[in-house]
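Participant: See model_5.tsv below, with TSV, C-alpha atoms.
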chain	number	residue	atom	x	y	z
A	166	MET	CA	-2.83	4.28	-17.98
A	167	ILE	CA	-2.10	1.00	-19.78
A	168	THR	CA	0.07	2.73	-22.36
A	169	SER	CA	2.37	3.96	-19.58
A	170	LEU	CA	3.18	0.45	-18.35
A	171	PRO	CA	6.46	-1.25	-19.29
A	172	GLY	CA	5.86	-3.85	-21.99
A	173	ASN	CA	2.43	-2.44	-22.90
A	174	GLY	CA	3.12	-3.27	-26.55
A	175	LEU	CA	2.61	-6.94	-25.73
A	176	LEU	CA	-0.98	-6.31	-24.64
A	177	ASN	CA	-4.03	-6.62	-26.86
A	178	VAL	CA	-6.77	-4.59	-25.19
A	179	HIS	CA	-10.43	-4.95	-26.13
A	180	LEU	CA	-12.77	-2.55	-24.36
A	181	LEU	CA	-16.48	-3.35	-24.27
A	182	GLU	CA	-19.03	-0.56	-24.34
A	183	PRO	CA	-20.39	0.00	-20.81
A	184	GLY	CA	-24.03	-0.33	-21.91
A	185	GLY	CA	-27.02	0.54	-19.75
A	186	PRO	CA	-28.48	-0.92	-16.54
A	187	ILE	CA	-29.53	-4.17	-18.21
A	188	GLU	CA	-26.03	-4.76	-19.57
A	189	ARG	CA	-24.53	-4.13	-16.14
A	190	VAL	CA	-26.88	-6.72	-14.61
A	191	ARG	CA	-26.88	-9.33	-17.38
A	192	ALA	CA	-23.63	-8.64	-19.30
A	193	ARG	CA	-25.18	-9.99	-22.50
A	194	GLN	CA	-22.92	-8.02	-24.83
A	195	ALA	CA	-19.91	-9.22	-22.90
A	196	ARG	CA	-21.11	-12.81	-23.08
A	197	THR	CA	-21.46	-12.57	-26.87
A	198	TRP	CA	-17.84	-11.43	-27.18
A	199	LEU	CA	-16.68	-14.09	-24.74
A	200	ARG	CA	-18.54	-16.84	-26.57
A	201	GLU	CA	-16.70	-15.91	-29.76
A	202	HIS	CA	-13.21	-15.45	-28.30
A	203	VAL	CA	-12.57	-17.35	-25.05
A	204	GLU	CA	-11.60	-20.55	-26.85
A	205	ALA	CA	-8.59	-18.78	-28.37
A	206	TYR	CA	-7.01	-18.28	-24.95
A	207	GLU	CA	-5.13	-20.71	-22.73
A	208	LEU	CA	-6.17	-19.05	-19.49
A	209	VAL	CA	-8.83	-16.61	-18.31
A	210	HIS	CA	-7.95	-14.44	-15.30
A	211	LEU	CA	-11.01	-13.07	-13.49
A	212	HIS	CA	-10.65	-10.10	-11.14
A	213	GLY	CA	-13.46	-9.94	-8.60
A	214	VAL	CA	-16.38	-12.11	-7.54
A	215	TRP	CA	-19.71	-10.37	-8.00
A	216	ASP	CA	-19.86	-8.76	-11.46
A	217	PRO	CA	-22.06	-10.64	-13.97
A	218	ILE	CA	-19.36	-10.41	-16.65
A	219	LEU	CA	-17.13	-12.61	-14.46
A	220	HIS	CA	-19.76	-15.32	-14.16
A	221	ASN	CA	-20.34	-15.21	-17.91
A	222	ALA	CA	-16.60	-15.50	-18.54
A	223	ALA	CA	-16.33	-18.53	-16.24
A	224	ARG	CA	-19.35	-20.12	-17.92
A	225	GLU	CA	-17.81	-19.71	-21.37
A	226	ALA	CA	-14.43	-20.92	-20.15
A	227	ARG	CA	-16.08	-24.05	-18.74
A	228	ARG	CA	-17.93	-24.61	-22.02
A	229	THR	CA	-14.72	-24.45	-24.06
A	230	GLY	CA	-12.54	-26.35	-21.59
A	231	THR	CA	-10.43	-23.27	-20.84
A	232	ASP	CA	-8.84	-22.89	-17.40
A	233	TRP	CA	-9.63	-19.83	-15.33
A	234	ILE	CA	-8.22	-18.35	-12.14
A	235	ILE	CA	-9.86	-15.80	-9.85
A	236	THR	CA	-8.41	-12.91	-7.88
A	237	PRO	CA	-11.14	-11.75	-5.44
A	238	HIS	CA	-9.17	-8.65	-4.34
A	239	GLY	CA	-10.41	-8.96	-0.76
A	240	MET	CA	-14.09	-9.35	-1.71
A	241	LEU	CA	-14.36	-12.57	0.31
A	242	ASP	CA	-12.73	-11.02	3.36
A	243	PRO	CA	-14.93	-11.38	6.48
A	244	TRP	CA	-15.35	-7.59	6.78
A	245	CYS	CA	-16.45	-7.30	3.15
A	246	MET	CA	-18.74	-10.30	3.40
A	247	ASP	CA	-20.53	-8.65	6.32
A	248	GLN	CA	-21.42	-5.65	4.10
A	249	GLY	CA	-24.67	-6.68	2.40
A	250	ARG	CA	-24.34	-10.09	4.00
A	251	LEU	CA	-27.57	-11.72	2.80
A	252	ARG	CA	-27.22	-10.51	-0.78
A	253	LYS	CA	-23.67	-11.85	-1.02
A	254	ARG	CA	-24.57	-15.20	0.52
A	255	LEU	CA	-27.34	-15.60	-2.03
A	256	ALA	CA	-25.05	-14.60	-4.89
A	257	LEU	CA	-22.52	-17.23	-3.83
A	258	ALA	CA	-25.17	-19.91	-3.49
A	259	PHE	CA	-26.80	-19.31	-6.88
A	260	ARG	CA	-23.77	-18.77	-9.12
A	261	GLY	CA	-20.59	-17.74	-7.31
A	262	GLN	CA	-19.79	-21.10	-5.75
A	263	ASN	CA	-19.55	-22.88	-9.11
A	264	MET	CA	-17.28	-20.16	-10.45
A	265	LEU	CA	-14.98	-20.36	-7.44
A	266	GLU	CA	-14.81	-24.13	-7.10
A	267	GLY	CA	-14.34	-24.65	-10.84
A	268	SER	CA	-11.30	-22.39	-11.04
A	269	ARG	CA	-7.80	-23.73	-11.52
A	270	PHE	CA	-6.96	-21.84	-8.37
A	271	ILE	CA	-8.01	-18.77	-6.43
A	272	HIS	CA	-5.39	-16.07	-6.10
A	273	ALA	CA	-5.20	-14.60	-2.58
A	274	LEU	CA	-3.10	-11.49	-2.08
A	275	ASN	CA	-1.97	-12.33	1.46
A	276	ARG	CA	-2.22	-15.06	4.11
A	277	ASP	CA	-5.01	-13.31	5.98
A	278	GLU	CA	-7.10	-13.20	2.82
A	279	GLU	CA	-6.44	-16.90	2.27
A	280	ALA	CA	-7.75	-17.72	5.75
A	281	GLY	CA	-10.76	-15.42	5.40
A	282	MET	CA	-11.93	-16.82	2.08
A	283	LYS	CA	-11.65	-20.52	2.98
A	284	PRO	CA	-15.23	-20.81	4.30
A	285	HIS	CA	-16.55	-19.64	0.92
A	286	VAL	CA	-14.48	-21.48	-1.70
A	287	GLY	CA	-15.14	-25.15	-0.94
A	288	ALA	CA	-12.35	-27.43	-2.11
A	289	ALA	CA	-10.79	-24.86	-4.46
A	290	THR	CA	-7.01	-24.48	-4.38
A	291	ILE	CA	-5.71	-21.15	-3.07
A	292	GLU	CA	-2.37	-19.63	-4.11
A	293	VAL	CA	-1.00	-16.67	-2.14
A	294	ILE	CA	0.77	-14.15	-4.41
A	295	PRO	CA	0.90	-10.41	-3.60
A	296	ASN	CA	0.57	-7.52	-6.02
A	297	GLY	CA	3.55	-5.47	-7.09
A	298	ILE	CA	4.74	-2.28	-8.73
A	299	PHE	CA	6.96	-1.40	-11.67
A	300	LEU	CA	10.03	0.44	-10.42
A	301	GLU	CA	9.91	2.38	-13.68
A	302	GLU	CA	6.73	4.01	-12.37
A	303	ILE	CA	8.44	5.51	-9.31
A	304	GLU	CA	12.05	5.99	-10.43
A	305	PRO	CA	13.61	8.45	-10.52
A	306	LEU	CA	11.77	9.92	-7.54
A	307	PRO	CA	10.89	13.64	-7.51
A	308	GLU	CA	13.31	15.90	-5.69
A	309	ARG	CA	12.54	16.34	-2.02
A	310	GLY	CA	10.65	19.58	-1.45
A	311	THR	CA	8.72	19.48	-4.74
A	312	PHE	CA	5.37	18.82	-3.08
A	313	ARG	CA	5.93	21.39	-0.35
A	314	GLU	CA	6.74	23.99	-2.98
A	315	SER	CA	3.34	23.41	-4.57
A	316	ARG	CA	1.54	23.48	-1.19
A	317	ARG	CA	2.75	26.60	0.52
A	318	GLU	CA	0.06	26.26	3.22
A	319	LEU	CA	2.21	23.49	4.73
A	320	ASP	CA	5.11	25.91	5.24
A	321	ASP	CA	8.09	23.80	6.31
A	322	GLU	CA	6.23	21.88	8.97
A	323	PRO	CA	6.26	18.06	9.22
A	324	PHE	CA	3.21	16.29	7.86
A	325	VAL	CA	1.51	12.91	7.85
A	326	LEU	CA	0.01	11.80	4.53
A	327	PHE	CA	-3.15	9.78	3.92
A	328	LEU	CA	-3.49	8.81	0.28
A	329	SER	CA	-6.44	6.66	-0.77
A	330	ARG	CA	-10.08	6.98	-1.78
A	331	LEU	CA	-12.36	8.63	0.76
A	332	HIS	CA	-14.43	5.68	1.95
A	333	TYR	CA	-15.62	4.53	5.36
A	334	LYS	CA	-13.50	1.40	5.29
A	335	LYS	CA	-10.31	3.45	4.94
A	336	GLY	CA	-10.62	4.49	8.59
A	337	LEU	CA	-10.60	8.26	8.12
A	338	ASP	CA	-12.52	8.74	11.38
A	339	ILE	CA	-9.78	6.77	13.14
A	340	LEU	CA	-7.14	8.81	11.32
A	341	VAL	CA	-8.52	12.17	12.46
A	342	SER	CA	-8.91	10.96	16.04
A	343	ALA	CA	-5.36	9.58	16.07
A	344	PHE	CA	-3.99	12.80	14.59
A	345	GLU	CA	-5.69	14.86	17.32
A	346	GLN	CA	-3.66	12.97	19.92
A	347	VAL	CA	-0.38	13.52	18.11
A	348	HIS	CA	-1.16	17.16	17.36
A	349	ALA	CA	-1.61	17.79	21.09
A	350	ARG	CA	2.02	16.65	21.57
A	351	VAL	CA	3.45	18.02	18.30
A	352	PRO	CA	1.44	21.21	17.58
A	353	GLU	CA	3.28	22.00	14.34
A	354	LEU	CA	2.41	18.64	12.74
A	355	ARG	CA	0.07	18.70	9.74
A	356	LEU	CA	-2.19	16.01	8.28
A	357	VAL	CA	-2.66	15.94	4.50
A	358	ILE	CA	-5.60	13.88	3.21
A	359	ALA	CA	-5.41	13.14	-0.50
A	360	GLY	CA	-7.81	11.06	-2.56
A	361	PRO	CA	-11.02	11.03	-4.59
A	362	ASP	CA	-14.41	10.95	-2.91
A	363	ASP	CA	-16.03	7.52	-2.68
A	364	GLY	CA	-19.11	8.51	-0.72
A	365	TYR	CA	-17.45	9.67	2.50
A	366	GLU	CA	-16.21	13.20	1.79
A	367	SER	CA	-19.08	15.06	3.42
A	368	THR	CA	-18.86	12.88	6.54
A	369	LEU	CA	-15.12	13.45	6.65
A	370	HIS	CA	-15.54	17.23	6.54
A	371	THR	CA	-18.03	17.03	9.40
A	372	ILE	CA	-15.52	15.01	11.45
A	373	ILE	CA	-12.74	17.49	10.68
A	374	GLU	CA	-14.87	20.52	11.57
A	375	ALA	CA	-15.50	18.98	15.00
A	376	SER	CA	-11.81	18.20	15.53
A	377	SER	CA	-9.55	20.20	17.83
A	378	ALA	CA	-6.82	19.82	15.19
A	379	ARG	CA	-8.93	21.04	12.25
A	380	SER	CA	-6.66	24.01	11.44
A	381	ASN	CA	-3.79	21.59	10.77
A	382	ILE	CA	-5.74	19.18	8.54
A	383	HIS	CA	-5.59	19.75	4.78
A	384	CYS	CA	-7.89	17.94	2.31
A	385	ILE	CA	-6.37	18.37	-1.14
A	386	GLY	CA	-8.41	16.03	-3.35
A	387	PRO	CA	-6.89	13.34	-5.57
A	388	VAL	CA	-3.25	13.45	-6.66
A	389	TYR	CA	-1.74	11.25	-9.34
A	390	GLY	CA	1.48	10.49	-11.13
A	391	THR	CA	4.46	12.66	-10.25
A	392	ASP	CA	2.40	14.75	-7.82
A	393	LYS	CA	1.53	11.62	-5.84
A	394	LEU	CA	5.16	10.53	-5.70
A	395	ALA	CA	6.24	14.02	-4.64
A	396	ALA	CA	3.77	13.89	-1.74
A	397	LEU	CA	5.11	10.48	-0.64
A	398	VAL	CA	8.70	11.71	-0.81
A	399	ASP	CA	8.04	14.83	1.23
A	400	CYS	CA	5.81	13.44	3.99
A	401	ASP	CA	7.28	12.35	7.32
A	402	CYS	CA	4.91	9.41	7.60
A	403	PHE	CA	2.30	7.68	5.46
A	404	CYS	CA	-0.73	6.47	7.42
A	405	LEU	CA	-3.53	4.16	6.27
A	406	PRO	CA	-5.71	3.02	9.22
A	407	SER	CA	-8.05	0.85	7.13
A	408	ARG	CA	-10.77	-1.42	8.42
A	409	GLN	CA	-10.02	-3.77	5.50
A	410	GLU	CA	-7.60	-4.02	2.60
A	411	GLY	CA	-7.04	-6.69	-0.01
A	412	PHE	CA	-3.58	-5.52	-1.00
A	413	SER	CA	-2.89	-1.81	-0.75
A	414	MET	CA	-0.98	-0.36	-3.68
A	415	ALA	CA	-0.75	2.92	-1.78
A	416	ILE	CA	1.20	1.22	1.02
A	417	THR	CA	3.46	-0.52	-1.50
A	418	GLU	CA	4.16	2.72	-3.36
A	419	ALA	CA	4.91	4.52	-0.09
A	420	LEU	CA	7.37	1.80	0.88
A	421	GLY	CA	8.95	1.91	-2.58
A	422	CYS	CA	9.46	5.66	-2.20
A	423	GLY	CA	11.36	5.08	1.05
A	424	THR	CA	8.56	6.47	3.22
A	425	PRO	CA	7.89	5.01	6.70
A	426	VAL	CA	4.32	3.80	7.13
A	427	VAL	CA	1.80	3.39	9.93
A	428	ILE	CA	-0.94	0.92	9.06
A	429	THR	CA	-3.51	-1.21	10.85
A	430	GLU	CA	-3.56	-4.99	11.15
A	431	ALA	CA	-6.63	-4.95	8.88
A	432	CYS	CA	-4.36	-3.84	6.03
A	433	HIS	CA	-3.02	-7.43	6.08
A	434	PHE	CA	0.58	-6.38	5.47
A	435	PRO	CA	2.55	-7.87	8.42
A	436	GLU	CA	5.73	-7.80	6.32
A	437	VAL	CA	5.91	-4.06	7.07
A	438	ALA	CA	6.62	-4.71	10.76
A	439	GLU	CA	8.73	-7.80	10.04
A	440	ALA	CA	11.04	-5.77	7.79
A	441	GLY	CA	11.16	-2.80	10.16
A	442	ALA	CA	9.64	-0.61	7.43
A	443	GLY	CA	6.93	0.87	9.64
A	444	LEU	CA	4.50	0.13	12.44
A	445	VAL	CA	1.40	-2.08	12.34
A	446	THR	CA	-1.25	-1.34	14.95
A	447	PRO	CA	-4.67	-2.55	16.11
A	448	LEU	CA	-7.70	-0.77	14.67
A	449	ASP	CA	-7.70	1.76	17.49
A	450	PRO	CA	-7.16	5.56	17.36
A	451	GLU	CA	-4.91	5.59	20.42
A	452	ALA	CA	-2.66	2.85	19.01
A	453	VAL	CA	-2.51	4.54	15.61
A	454	GLY	CA	-1.73	7.88	17.23
A	455	GLN	CA	1.05	6.44	19.37
A	456	ALA	CA	2.64	4.80	16.32
A	457	MET	CA	2.31	7.99	14.32
A	458	HIS	CA	4.03	9.96	17.09
A	459	GLU	CA	6.81	7.39	17.32
A	460	VAL	CA	7.59	7.82	13.63
A	461	VAL	CA	7.33	11.60	13.28
A	462	SER	CA	9.32	12.30	16.45
A	463	SER	CA	12.47	10.39	15.42
A	464	THR	CA	14.59	11.26	12.38
A	465	ASP	CA	16.66	8.11	12.89
A	466	ALA	CA	13.58	5.88	13.02
A	467	ARG	CA	12.19	7.44	9.83
A	468	SER	CA	15.49	6.92	8.05
A	469	ARG	CA	15.77	3.26	9.12
A	470	MET	CA	12.16	2.50	8.25
A	471	GLY	CA	12.37	4.27	4.91
A	472	SER	CA	15.46	2.33	3.85
A	473	ALA	CA	13.93	-0.96	5.00
A	474	GLY	CA	10.73	-0.29	3.07
A	475	ALA	CA	12.55	0.57	-0.15
A	476	ALA	CA	14.58	-2.64	0.12
A	477	LEU	CA	11.49	-4.73	0.91
A	478	VAL	CA	9.67	-3.59	-2.22
A	479	ARG	CA	12.67	-4.06	-4.48
A	480	GLU	CA	13.25	-7.58	-3.22
A	481	HIS	CA	9.69	-8.92	-3.05
A	482	TYR	CA	7.10	-6.59	-4.57
A	483	THR	CA	8.12	-5.74	-8.12
A	484	TRP	CA	6.04	-7.12	-10.99
A	485	PRO	CA	8.87	-9.27	-12.38
A	486	ALA	CA	9.18	-11.00	-8.98
A	487	ILE	CA	5.41	-11.43	-8.80
A	488	ALA	CA	5.25	-12.78	-12.36
A	489	ALA	CA	7.82	-15.43	-11.47
A	490	ARG	CA	5.65	-16.58	-8.56
A	491	LEU	CA	2.58	-16.71	-10.80
A	492	ASP	CA	4.52	-18.76	-13.36
A	493	THR	CA	5.37	-21.23	-10.61
A	494	ALA	CA	1.72	-21.50	-9.54
A	495	LEU	CA	0.72	-22.14	-13.16
A	496	GLY	CA	3.50	-24.66	-13.69
A	497	LEU	CA	5.19	-22.51	-16.32
A	498	GLU	CA	8.63	-22.13	-14.73
Could you spell out this file's structure in structure tokens?
Facilitator:
Amino acid sequence: MITSLPGNGLLNVHLLEPGGPIERVRARQARTWLREHVEAYELVHLHGVWDPILHNAAREARRTGTDWIITPHGMLDPWCMDQGRLRKRLALAFRGQNMLEGSRFIHALNRDEEAGMKPHVGAATIEVIPNGIFLEEIEPLPERGTFRESRRELDDEPFVLFLSRLHYKKGLDILVSAFEQVHARVPELRLVIAGPDDGYESTLHTIIEASSARSNIHCIGPVYGTDKLAALVDCDCFCLPSRQEGFSMAITEALGCGTPVVITEACHFPEVAEAGAGLVTPLDPEAVGQAMHEVVSSTDARSRMGSAGAALVREHYTWPAIAARLDTALGLE
């Protein structure tokens, strides 16, 4: 994956052996490497909050006088903090708080994440900088019809695409319920669910089997690379009704492909509605279904939203634009 990124030749990648259960809990091997190498770096960028390797990296950075910044990736979001609440509170109290408060700054991916993490980060500075994509990863886009050609069960009917891991927080129960409502009004509409299982696949299949729209719902497993882009190009609407997102790359890629999106407020991407690139709804099946119907029933609306989304990504969510904002936060401009 790294070798496919633009500028990958500038990266020096060192992969640690995964080790066994003790290494995952204590990260001793990782700490040995960090103790020997951290001092050579000007900045350590930590991604996450809970993994022991992160705490060891911050400890070694503090020892050598090296700055570090932290990107929690939504892990301090109120919804996430309520999952295993006691364990996470204890982890923050015993070691996480020092790591957070000692950072040069904490990198939030959106304004909602900034607000949600404030109760947990003390006096630490927070900088809001979104993620981005490389246009080289999506351009040129596959020809329209490529995905349909590979999925003849869709015929030529319109379809809504869900593309993410199969996990409870992704709102798949809400998605199926919302689709039922739209299917009752647009019987030819299909729902394609693509993504790897993350503990929810069996529950999802149970929900689908009980659905009145089950014959029009297609679970196709994970899709990557060109196949993923082809699905985004061919779908009439991308829908992600998540209960929580840090910053969704799937939404950003859909927008970049010129695909209108329907997402929930819990995706923390209000710029979608502000730019007219899609619809943002409450976490409610009826609201999601109404938005979905609004998009799939209007060719003009899909065209306007798709163009607005493509422009939004190219103006604000490419990695060069994000890098410039990070340089500013670090005082490197």
Participant: Counting all atoms listed in the file, find residues at most 6 Å from (-6.0, -17.2, -7.1) (file frame) and give them as JSON, numbers by chain.
Facilitator: {"A": [234, 235, 236, 270, 271, 272, 273, 291, 292]}
Participant: Would you put the residues from that selection into a file with C-alpha atoms, as a short mmCIF file (atom, residue, chain, number, x, y, z; two decimals), in the frame of the given file?
Facilitator:
data_model
loop_
_atom_site.label_atom_id
_atom_site.label_comp_id
_atom_site.auth_asym_id
_atom_site.auth_seq_id
_atom_site.Cartn_x
_atom_site.Cartn_y
_atom_site.Cartn_z
CA ILE A 234 -8.22 -18.35 -12.14
CA ILE A 235 -9.86 -15.80 -9.85
CA THR A 236 -8.41 -12.91 -7.88
CA PHE A 270 -6.96 -21.84 -8.37
CA ILE A 271 -8.01 -18.77 -6.43
CA HIS A 272 -5.39 -16.07 -6.10
CA ALA A 273 -5.20 -14.60 -2.58
CA ILE A 291 -5.71 -21.15 -3.07
CA GLU A 292 -2.37 -19.63 -4.11
#
Participant: Listing only residues of range 291-313 of chain A within 12 Å of range 238-255 of chain A, what is the closest atom pair and its distance in Å (to one decimal) for each, using all atoms listed in the file, sorted by chain and residue number ascending, as a Markdown table?
Facilitator:
| residue | atom | partner | partner_atom | distance |
| --- | --- | --- | --- | --- |
| A:Val293 | CA | A:His238 | CA | 11.7 |
| A:Ile294 | CA | A:His238 | CA | 11.4 |
| A:Pro295 | CA | A:His238 | CA | 10.2 |
| A:Asn296 | CA | A:His238 | CA | 9.9 |
Participant: CA of Gly297 in chain A and CA of Gly310 in chain A, how far apart in Å?
Facilitator: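 These atoms are spaced 26.6 Å apart.
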Participant: Let me make sure I understand: among A:Leu300, A:Cys422, A:Ile385, A:Cys404, which one has the smallest atom-to-atom distance to Val341 in chain A if we use only C-alpha atoms?
Facilitator: A:Cys404
Participant: Have a look at A:Glu182, A:Asp392, A:Glu451, A:Glu279 and name the one nearest to Ile339 in chain A; count all atoms listed in the file.
Facilitator: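 Under the stated criterion, the closest residue is A:Glu451.
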Participant: Name the closest residue to Met414 in chain A among the candidates A:Val453, A:Ile298, A:Ile487, A:Ala359; distances are taken between atoms, counting only C-alpha atoms.
Facilitator: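 Ranking A:Val453, A:Ile298, A:Ile487, A:Ala359 by distance to Met414 in chain A, first place goes to A:Ile298.
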Participant: Using all atoms listed in the file for the distances, tell me which of A:His348, A:Ile303, A:Val357, A:Arg260 is nearest to Ala475 in chain A.
Facilitator: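 Looking only at the distances to Ala475 in chain A, the closest residue turns out to be A:Ile303.
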Participant: With distances taken over only C-alpha atoms, which of A:Pro387, A:Pro485, A:Pro425, A:Pro352 is nearest to Glu322 in chain A?
Facilitator: A:Pro352
Participant: Can you list, as a ChimeraX atom specification, every protein, DNA or RNA residue that comes within 12 Å of Glu204 in chain A when you count all atoms listed in the file, leaving out same-chain residues fewer than 5 positions away?
Facilitator: /A:198-199,209,222-233
Participant: One decimal, in Å: what's the spacing between CA of Glu188 in chain A and CA of Gly261 in chain A?
Facilitator: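 Pair CA of Glu188 in chain A / CA of Gly261 in chain A returns 18.7 Å.
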Participant: Determine, counting only C-alpha atoms, which protein, DNA and RNA residues have an atom within 8 Å of an atom of range 361-371 of chain A; residues of the same chain fewer than 4 positions away are not included. Present the result as an NGL selection string.
Facilitator: :A and (329-333 or 337-338 or 375 or 386-387)
Participant: Could you tell me how far CA of Glu410 in chain A lies from CA of Val445 in chain A, in Å and to one decimal?
Facilitator: 13.4 Å
Participant: Which residue gives the smallest distance to Gly390 in chain A among A:Leu306, A:Ala466, A:Leu175, A:Val203, with only C-alpha atoms counted?
Facilitator: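 Of A:Leu306, A:Ala466, A:Leu175, A:Val203, the one nearest Gly390 in chain A is A:Leu306, counting only C-alpha atoms.
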Participant: Taking the point (8.5, 2.1, 10.6) as given in the file, collect each protein or nucleic acid residue that comes within 8 Å of it, counting all atoms listed in the file, and present the set as a list in words.
Facilitator: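 Looking at atoms near the point gives Pro425, Val426, Val427, Val437, Ala438, Gly441, Ala442, Gly443, Leu444, Val460, Ala466, Arg467, Arg469, Met470 and Gly471 of chain A.
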Participant: Would you mind listing what lies within 9 Å of Val325 in chain A as a list in words, with all atoms listed in the file counted and same-chain residues fewer than 2 positions away left out?
Facilitator: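 Non-adjacent residues within range: Pro323, Phe327, Phe344, Leu354, Arg355, Leu356, Val357, Ile358, Cys400, Asp401, Cys402, Phe403, Cys404, Met457 and Val461 of chain A.
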Participant: Next, dump the selected residues to file, keeping only C-alpha atoms, as a short mmCIF file (atom, residue, chain, number, x, y, z; two decimals), keeping the file's coordinate frame.
Facilitator:
data_model
loop_
_atom_site.label_atom_id
_atom_site.label_comp_id
_atom_site.auth_asym_id
_atom_site.auth_seq_id
_atom_site.Cartn_x
_atom_site.Cartn_y
_atom_site.Cartn_z
CA PRO A 323 6.26 18.06 9.22
CA PHE A 327 -3.15 9.78 3.92
CA PHE A 344 -3.99 12.80 14.59
CA LEU A 354 2.41 18.64 12.74
CA ARG A 355 0.07 18.70 9.74
CA LEU A 356 -2.19 16.01 8.28
CA VAL A 357 -2.66 15.94 4.50
CA ILE A 358 -5.60 13.88 3.21
CA CYS A 400 5.81 13.44 3.99
CA ASP A 401 7.28 12.35 7.32
CA CYS A 402 4.91 9.41 7.60
CA PHE A 403 2.30 7.68 5.46
CA CYS A 404 -0.73 6.47 7.42
CA MET A 457 2.31 7.99 14.32
CA VAL A 461 7.33 11.60 13.28
#
Participant: Skipping near chain neighbours, those fewer than 3 positions away, what residues fall within 10 Å of Pro450 in chain A using all atoms listed in the file, listed as a PyMOL selection string?
Facilitator: chain A and resi 336+338-346+406+446-447+453-456
